[in-house]
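A short write-up of the structure that comes next.
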Amino acid sequence: MTDCLFCKIINGDISVNKIYEDEDILAFHDINPQAPHHFLVIPKIHISTLNNTDNAQLLGKLTLTASSIAKELGFADEGYRVVMNCNEQGGQAVYHVHLHCLGGRALTWPPG
Ligand code: 5GP
Ligand code: ZN
């Protein structure tokens with residue numbers, strides 16, 4: 001999708017600090033981290049929100065990749081949070097499905 005920020009990142013039009021990439025997904029550090037560790041995992045196909053997919057395999061892969069990266073970066077045992085914001089009240093700003101993974105500090109619950 002031409003006017004989608006994350007599609008531009010996938011196409012290489014906008015550069016990011018990449019962590020992991022394969023044929024289906026891309027993981028990169030968030031530009032505005034909300035915790036000492038904060039990265040995003042996104043599918044390479046454009047899906048606007050969680051309401052617009054039933055691709056369980058791809059959604060599962062996003063989640064398991066977040067866990068693998070948290071282990072690789074060394075904060076999995078201390079703990080972390082994975083979040084997918086959906087639509088306006090969920091706090092979604094970029095309408096290309098993405099999983100946040102945050103760690104490296106004690107995260108509060110419930111979120112604001
Ligand atoms: P949302 O609120 O849609 O769930 O989260 C979007 C996230 O994308 C935010 O945490 C924001 O900091 C991140 N983000 C937005 N633009 C860019 C960018 O150009 N590069 C990177 N690395 N992250 C971005
Ligand atoms: Zn997109």
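Residues are named by chain letter and number: chains run A, B, ... in the order of the structure tokens, numbers start at 1 in each chain, and ligands are numbered from 1 in the order shown.
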
Once you count only C-alpha atoms and all ligand atoms, which residues end up within 7 Å of ligand 1, and could you hand them over as a ChimeraX atom specification? /A:5,14,16-17,28-33,84-85,91-95,98

Could you write out that same residue set with N, CA and C atoms as a CSV table (one decimal), in the first residue's frame?
```csv
chain,number,residue,atom,x,y,z
A,5,LEU,N,3.0,3.8,6.1
A,5,LEU,CA,4.3,4.0,6.6
A,5,LEU,C,5.1,2.7,6.8
A,14,ILE,N,11.9,3.9,3.8
A,14,ILE,CA,12.2,4.5,5.1
A,14,ILE,C,13.1,3.5,5.8
A,16,VAL,N,15.0,1.7,9.0
A,16,VAL,CA,14.8,1.4,10.4
A,16,VAL,C,16.0,0.6,10.9
A,17,ASN,N,16.0,0.4,12.2
A,17,ASN,CA,17.0,-0.4,12.9
A,17,ASN,C,16.5,-1.8,13.0
A,28,PHE,N,11.9,-4.6,14.0
A,28,PHE,CA,12.8,-3.4,14.1
A,28,PHE,C,12.5,-2.7,15.4
A,29,HIS,N,13.5,-1.9,15.8
A,29,HIS,CA,13.4,-1.1,17.0
A,29,HIS,C,12.4,0.1,16.8
A,30,ASP,N,11.6,0.3,17.8
A,30,ASP,CA,10.6,1.4,17.8
A,30,ASP,C,11.4,2.7,17.8
A,31,ILE,N,11.0,3.7,17.0
A,31,ILE,CA,11.7,5.0,16.9
A,31,ILE,C,11.4,5.8,18.2
A,32,ASN,N,10.4,5.5,19.0
A,32,ASN,CA,10.1,6.2,20.2
A,32,ASN,C,9.8,5.3,21.3
A,33,PRO,N,10.9,4.6,21.8
A,33,PRO,CA,10.8,3.5,22.8
A,33,PRO,C,10.1,3.9,24.1
A,84,MET,N,-0.9,-5.5,20.9
A,84,MET,CA,-1.3,-5.1,19.5
A,84,MET,C,-2.4,-4.2,19.7
A,85,ASN,N,-2.2,-2.9,19.4
A,85,ASN,CA,-3.2,-1.9,19.5
A,85,ASN,C,-4.2,-2.0,18.3
A,91,GLY,N,-5.6,2.7,20.7
A,91,GLY,CA,-4.4,3.5,20.6
A,91,GLY,C,-3.6,3.3,19.4
A,92,GLN,N,-4.2,2.7,18.3
A,92,GLN,CA,-3.5,2.4,17.1
A,92,GLN,C,-3.2,3.7,16.3
A,93,ALA,N,-2.0,3.9,15.9
A,93,ALA,CA,-1.6,5.1,15.2
A,93,ALA,C,-1.2,4.8,13.7
A,94,VAL,N,-0.6,3.6,13.6
A,94,VAL,CA,-0.2,3.2,12.2
A,94,VAL,C,-1.1,2.0,11.8
A,95,TYR,N,-1.8,2.2,10.7
A,95,TYR,CA,-2.8,1.2,10.3
A,95,TYR,C,-2.2,0.1,9.4
A,98,HIS,N,0.8,-4.5,13.7
A,98,HIS,CA,2.1,-4.7,14.3
A,98,HIS,C,2.0,-5.1,15.8
```

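Based on only C-alpha atoms and all ligand atoms, the protein and nucleic acid residues found within 8 Å of ligand 2 are, by chain and then by number, A:Met1, A:Thr2, A:Asp3, A:Cys4, A:Leu5, A:Phe6, A:Cys7, A:Lys8, A:Lys44, A:Ile45, A:His46, A:Ile47, A:Ser48, A:Tyr95, A:His96, A:Val97.
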
Those same residues, written as a compact mmCIF listing (two decimals), in the first residue's frame with all heavy atoms?
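The resulting file, again.txt, is shown below:
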```txt
# COMPACT_ATOMS: atom_id res chain seq x y z
N MET A 1 0.86 -1.20 0.00
CA MET A 1 0.00 0.00 0.00
C MET A 1 0.89 1.24 0.00
O MET A 1 1.73 1.39 0.89
CB MET A 1 -0.90 -0.02 1.24
CG MET A 1 -2.14 0.79 1.07
SD MET A 1 -3.07 0.90 2.60
CE MET A 1 -4.69 1.10 1.93
N THR A 2 0.71 2.12 -0.96
CA THR A 2 1.70 3.17 -1.19
C THR A 2 1.77 4.21 -0.08
O THR A 2 2.84 4.73 0.20
CB THR A 2 1.42 3.89 -2.53
OG1 THR A 2 0.04 4.21 -2.57
CG2 THR A 2 1.80 3.04 -3.70
N ASP A 3 0.64 4.54 0.56
CA ASP A 3 0.70 5.59 1.58
C ASP A 3 0.76 5.03 3.01
O ASP A 3 0.42 5.73 3.96
CB ASP A 3 -0.47 6.57 1.42
CG ASP A 3 -1.80 5.89 1.62
OD1 ASP A 3 -1.82 4.63 1.67
OD2 ASP A 3 -2.82 6.59 1.73
N CYS A 4 1.21 3.79 3.13
CA CYS A 4 1.32 3.17 4.46
C CYS A 4 2.78 3.25 4.92
O CYS A 4 3.70 2.81 4.23
CB CYS A 4 0.86 1.72 4.41
SG CYS A 4 1.26 0.80 5.90
N LEU A 5 2.98 3.83 6.10
CA LEU A 5 4.33 4.01 6.65
C LEU A 5 5.09 2.69 6.76
O LEU A 5 6.27 2.60 6.38
CB LEU A 5 4.21 4.67 8.03
CG LEU A 5 5.50 4.89 8.79
CD1 LEU A 5 6.31 6.01 8.17
CD2 LEU A 5 5.22 5.20 10.25
N PHE A 6 4.42 1.65 7.28
CA PHE A 6 5.13 0.39 7.48
C PHE A 6 5.38 -0.33 6.16
O PHE A 6 6.39 -1.04 6.02
CB PHE A 6 4.40 -0.49 8.50
CG PHE A 6 4.56 -0.03 9.92
CD1 PHE A 6 3.89 -0.69 10.95
CD2 PHE A 6 5.36 1.06 10.25
CE1 PHE A 6 4.04 -0.27 12.28
CE2 PHE A 6 5.51 1.49 11.57
CZ PHE A 6 4.84 0.82 12.59
N CYS A 7 4.51 -0.15 5.16
CA CYS A 7 4.81 -0.71 3.83
C CYS A 7 6.04 0.00 3.25
O CYS A 7 6.86 -0.64 2.59
CB CYS A 7 3.61 -0.56 2.91
SG CYS A 7 2.29 -1.76 3.21
N LYS A 8 6.19 1.28 3.53
CA LYS A 8 7.39 2.01 3.06
C LYS A 8 8.64 1.48 3.74
O LYS A 8 9.71 1.39 3.12
CB LYS A 8 7.23 3.51 3.32
CG LYS A 8 6.26 4.17 2.36
CD LYS A 8 6.11 5.65 2.67
CE LYS A 8 5.08 6.26 1.71
NZ LYS A 8 4.54 7.53 2.19
N LYS A 44 4.80 -8.65 6.33
CA LYS A 44 5.19 -7.97 5.09
C LYS A 44 4.00 -7.67 4.20
O LYS A 44 4.08 -6.80 3.34
CB LYS A 44 6.25 -8.80 4.34
CG LYS A 44 7.60 -8.72 5.04
CD LYS A 44 8.73 -9.21 4.16
CE LYS A 44 10.06 -8.85 4.80
NZ LYS A 44 11.21 -9.40 4.02
N ILE A 45 2.89 -8.40 4.40
CA ILE A 45 1.69 -8.05 3.64
C ILE A 45 0.93 -6.98 4.41
O ILE A 45 0.95 -6.95 5.64
CB ILE A 45 0.77 -9.28 3.38
CG1 ILE A 45 0.38 -9.99 4.67
CG2 ILE A 45 1.42 -10.22 2.39
CD1 ILE A 45 -0.73 -11.00 4.50
N HIS A 46 0.27 -6.09 3.67
CA HIS A 46 -0.48 -5.02 4.32
C HIS A 46 -1.80 -5.55 4.87
O HIS A 46 -2.65 -6.01 4.11
CB HIS A 46 -0.75 -3.86 3.35
CG HIS A 46 -1.50 -2.75 4.00
ND1 HIS A 46 -0.88 -1.77 4.74
CD2 HIS A 46 -2.84 -2.51 4.11
CE1 HIS A 46 -1.79 -0.95 5.25
NE2 HIS A 46 -2.98 -1.38 4.88
N ILE A 47 -1.93 -5.46 6.20
CA ILE A 47 -3.19 -5.77 6.90
C ILE A 47 -3.40 -4.56 7.80
O ILE A 47 -2.51 -4.21 8.58
CB ILE A 47 -3.05 -7.04 7.76
CG1 ILE A 47 -2.71 -8.27 6.91
CG2 ILE A 47 -4.33 -7.28 8.57
CD1 ILE A 47 -2.24 -9.48 7.72
N SER A 48 -4.55 -3.89 7.70
CA SER A 48 -4.68 -2.61 8.40
C SER A 48 -4.83 -2.77 9.92
O SER A 48 -4.18 -2.05 10.68
CB SER A 48 -5.85 -1.81 7.83
OG SER A 48 -7.04 -2.57 7.88
N TYR A 95 -1.79 2.18 10.73
CA TYR A 95 -2.79 1.19 10.31
C TYR A 95 -2.19 0.14 9.39
O TYR A 95 -2.62 -0.04 8.24
CB TYR A 95 -4.03 1.90 9.75
CG TYR A 95 -4.89 2.40 10.89
CD1 TYR A 95 -4.52 3.55 11.59
CD2 TYR A 95 -6.00 1.68 11.33
CE1 TYR A 95 -5.27 3.98 12.68
CE2 TYR A 95 -6.74 2.11 12.42
CZ TYR A 95 -6.37 3.25 13.09
OH TYR A 95 -7.11 3.67 14.18
N HIS A 96 -1.19 -0.54 9.93
CA HIS A 96 -0.58 -1.74 9.36
C HIS A 96 -0.27 -2.59 10.60
O HIS A 96 0.52 -2.15 11.46
CB HIS A 96 0.68 -1.37 8.57
CG HIS A 96 1.43 -2.52 7.96
ND1 HIS A 96 1.76 -2.59 6.60
CD2 HIS A 96 1.92 -3.66 8.51
CE1 HIS A 96 2.43 -3.72 6.37
NE2 HIS A 96 2.55 -4.38 7.52
N VAL A 97 -0.93 -3.75 10.70
CA VAL A 97 -0.84 -4.58 11.91
C VAL A 97 0.60 -4.69 12.40
O VAL A 97 1.52 -4.92 11.60
CB VAL A 97 -1.42 -5.98 11.62
CG1 VAL A 97 -0.85 -7.03 12.55
CG2 VAL A 97 -2.94 -5.98 11.72
```

Determine which residues of chain A DSSP labels as alpha helix (DSSP H) from the backbone of this structure, then write them out as a list of chain:residue names.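 Selecting the alpha helix (DSSP H) positions of chain A gives A:Leu5, A:Phe6, A:Cys7, A:Lys8, A:Ile9, A:Ile10, A:Asn11, A:Ala56, A:Gln57, A:Leu58, A:Leu59, A:Gly60, A:Lys61, A:Leu62, A:Thr63, A:Leu64, A:Thr65, A:Ala66, A:Ser67, A:Ser68, A:Ile69, A:Ala70, A:Lys71, A:Glu72, A:Leu73, A:Asn87, A:Glu88, A:Gln89, A:Gly90.
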
Could you please take those selected residues and save N, CA and C atoms as a PDB file, in the first residue's frame?
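Writing done, so here's again.pdb:
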```pdb
ATOM      1  N   LEU A   5       2.978   3.827   6.105  1.00  0.00           N
ATOM      2  CA  LEU A   5       4.329   4.013   6.649  1.00  0.00           C
ATOM      3  C   LEU A   5       5.091   2.686   6.758  1.00  0.00           C
ATOM      4  N   PHE A   6       4.424   1.654   7.278  1.00  0.00           N
ATOM      5  CA  PHE A   6       5.135   0.390   7.481  1.00  0.00           C
ATOM      6  C   PHE A   6       5.378  -0.335   6.158  1.00  0.00           C
ATOM      7  N   CYS A   7       4.514  -0.155   5.165  1.00  0.00           N
ATOM      8  CA  CYS A   7       4.807  -0.705   3.832  1.00  0.00           C
ATOM      9  C   CYS A   7       6.041  -0.002   3.250  1.00  0.00           C
ATOM     10  N   LYS A   8       6.194   1.281   3.531  1.00  0.00           N
ATOM     11  CA  LYS A   8       7.386   2.012   3.059  1.00  0.00           C
ATOM     12  C   LYS A   8       8.639   1.476   3.744  1.00  0.00           C
ATOM     13  N   ILE A   9       8.520   1.109   5.003  1.00  0.00           N
ATOM     14  CA  ILE A   9       9.658   0.505   5.720  1.00  0.00           C
ATOM     15  C   ILE A   9       9.989  -0.849   5.087  1.00  0.00           C
ATOM     16  N   ILE A  10       8.976  -1.647   4.801  1.00  0.00           N
ATOM     17  CA  ILE A  10       9.194  -2.963   4.177  1.00  0.00           C
ATOM     18  C   ILE A  10       9.849  -2.806   2.807  1.00  0.00           C
ATOM     19  N   ASN A  11       9.403  -1.802   2.057  1.00  0.00           N
ATOM     20  CA  ASN A  11       9.962  -1.575   0.712  1.00  0.00           C
ATOM     21  C   ASN A  11      11.352  -0.958   0.740  1.00  0.00           C
ATOM     22  N   ALA A  56      -4.194 -16.998  11.234  1.00  0.00           N
ATOM     23  CA  ALA A  56      -3.683 -17.443  12.536  1.00  0.00           C
ATOM     24  C   ALA A  56      -2.200 -17.790  12.465  1.00  0.00           C
ATOM     25  N   GLN A  57      -1.774 -18.345  11.356  1.00  0.00           N
ATOM     26  CA  GLN A  57      -0.364 -18.728  11.228  1.00  0.00           C
ATOM     27  C   GLN A  57       0.539 -17.493  11.271  1.00  0.00           C
ATOM     28  N   LEU A  58       0.142 -16.472  10.542  1.00  0.00           N
ATOM     29  CA  LEU A  58       0.949 -15.247  10.503  1.00  0.00           C
ATOM     30  C   LEU A  58       0.920 -14.530  11.867  1.00  0.00           C
ATOM     31  N   LEU A  59      -0.252 -14.449  12.479  1.00  0.00           N
ATOM     32  CA  LEU A  59      -0.348 -13.804  13.796  1.00  0.00           C
ATOM     33  C   LEU A  59       0.446 -14.571  14.839  1.00  0.00           C
ATOM     34  N   GLY A  60       0.405 -15.897  14.760  1.00  0.00           N
ATOM     35  CA  GLY A  60       1.204 -16.709  15.679  1.00  0.00           C
ATOM     36  C   GLY A  60       2.688 -16.490  15.460  1.00  0.00           C
ATOM     37  N   LYS A  61       3.068 -16.337  14.211  1.00  0.00           N
ATOM     38  CA  LYS A  61       4.483 -16.116  13.909  1.00  0.00           C
ATOM     39  C   LYS A  61       4.968 -14.778  14.455  1.00  0.00           C
ATOM     40  N   LEU A  62       4.129 -13.754  14.380  1.00  0.00           N
ATOM     41  CA  LEU A  62       4.503 -12.453  14.963  1.00  0.00           C
ATOM     42  C   LEU A  62       4.799 -12.625  16.456  1.00  0.00           C
ATOM     43  N   THR A  63       3.919 -13.346  17.141  1.00  0.00           N
ATOM     44  CA  THR A  63       4.057 -13.522  18.594  1.00  0.00           C
ATOM     45  C   THR A  63       5.294 -14.334  18.946  1.00  0.00           C
ATOM     46  N   LEU A  64       5.475 -15.447  18.268  1.00  0.00           N
ATOM     47  CA  LEU A  64       6.619 -16.314  18.590  1.00  0.00           C
ATOM     48  C   LEU A  64       7.941 -15.651  18.209  1.00  0.00           C
ATOM     49  N   THR A  65       7.918 -14.815  17.185  1.00  0.00           N
ATOM     50  CA  THR A  65       9.139 -14.087  16.827  1.00  0.00           C
ATOM     51  C   THR A  65       9.485 -13.062  17.907  1.00  0.00           C
ATOM     52  N   ALA A  66       8.474 -12.418  18.475  1.00  0.00           N
ATOM     53  CA  ALA A  66       8.726 -11.476  19.574  1.00  0.00           C
ATOM     54  C   ALA A  66       9.398 -12.198  20.737  1.00  0.00           C
ATOM     55  N   SER A  67       8.898 -13.373  21.064  1.00  0.00           N
ATOM     56  CA  SER A  67       9.489 -14.146  22.161  1.00  0.00           C
ATOM     57  C   SER A  67      10.923 -14.566  21.839  1.00  0.00           C
ATOM     58  N   SER A  68      11.162 -15.011  20.621  1.00  0.00           N
ATOM     59  CA  SER A  68      12.527 -15.406  20.221  1.00  0.00           C
ATOM     60  C   SER A  68      13.496 -14.240  20.329  1.00  0.00           C
ATOM     61  N   ILE A  69      13.046 -13.064  19.893  1.00  0.00           N
ATOM     62  CA  ILE A  69      13.920 -11.885  19.931  1.00  0.00           C
ATOM     63  C   ILE A  69      14.173 -11.461  21.378  1.00  0.00           C
ATOM     64  N   ALA A  70      13.127 -11.512  22.209  1.00  0.00           N
ATOM     65  CA  ALA A  70      13.306 -11.162  23.630  1.00  0.00           C
ATOM     66  C   ALA A  70      14.342 -12.089  24.272  1.00  0.00           C
ATOM     67  N   LYS A  71      14.298 -13.361  23.911  1.00  0.00           N
ATOM     68  CA  LYS A  71      15.307 -14.306  24.420  1.00  0.00           C
ATOM     69  C   LYS A  71      16.687 -13.936  23.888  1.00  0.00           C
ATOM     70  N   GLU A  72      16.750 -13.680  22.595  1.00  0.00           N
ATOM     71  CA  GLU A  72      18.022 -13.347  21.947  1.00  0.00           C
ATOM     72  C   GLU A  72      18.638 -12.075  22.548  1.00  0.00           C
ATOM     73  N   LEU A  73      17.793 -11.092  22.841  1.00  0.00           N
ATOM     74  CA  LEU A  73      18.296  -9.822  23.386  1.00  0.00           C
ATOM     75  C   LEU A  73      18.528  -9.897  24.898  1.00  0.00           C
ATOM     76  N   ASN A  87      -7.346  -0.038  16.369  1.00  0.00           N
ATOM     77  CA  ASN A  87      -8.270   1.082  16.128  1.00  0.00           C
ATOM     78  C   ASN A  87      -8.111   2.201  17.173  1.00  0.00           C
ATOM     79  N   GLU A  88      -8.994   3.182  17.079  1.00  0.00           N
ATOM     80  CA  GLU A  88      -8.803   4.433  17.810  1.00  0.00           C
ATOM     81  C   GLU A  88      -8.719   4.241  19.328  1.00  0.00           C
ATOM     82  N   GLN A  89      -9.677   3.546  19.905  1.00  0.00           N
ATOM     83  CA  GLN A  89      -9.667   3.421  21.367  1.00  0.00           C
ATOM     84  C   GLN A  89      -8.583   2.478  21.851  1.00  0.00           C
ATOM     85  N   GLY A  90      -8.067   1.652  20.973  1.00  0.00           N
ATOM     86  CA  GLY A  90      -6.932   0.799  21.319  1.00  0.00           C
ATOM     87  C   GLY A  90      -5.601   1.516  21.214  1.00  0.00           C
TER      88      GLY A  90
END
```

So the first atom is CA of Tyr20 (chain A) and the second is CA of Gly74 (chain A); what is the distance between them in Å, to one decimal place? 15.2 Å

In terms of the shortest atom-to-atom distance over only C-alpha atoms, which of A:Thr49, A:Ala27, A:Leu102, A:Glu21 is closest to Gly79 (chain A)? A:Leu102

Counting only C-alpha atoms, the residue of A:Val83, A:Leu107, A:Ile19, A:Leu99 that sits nearest Val41 (chain A):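 Comparing A:Val83, A:Leu107, A:Ile19, A:Leu99 against Val41 (chain A), the winner is A:Leu99.
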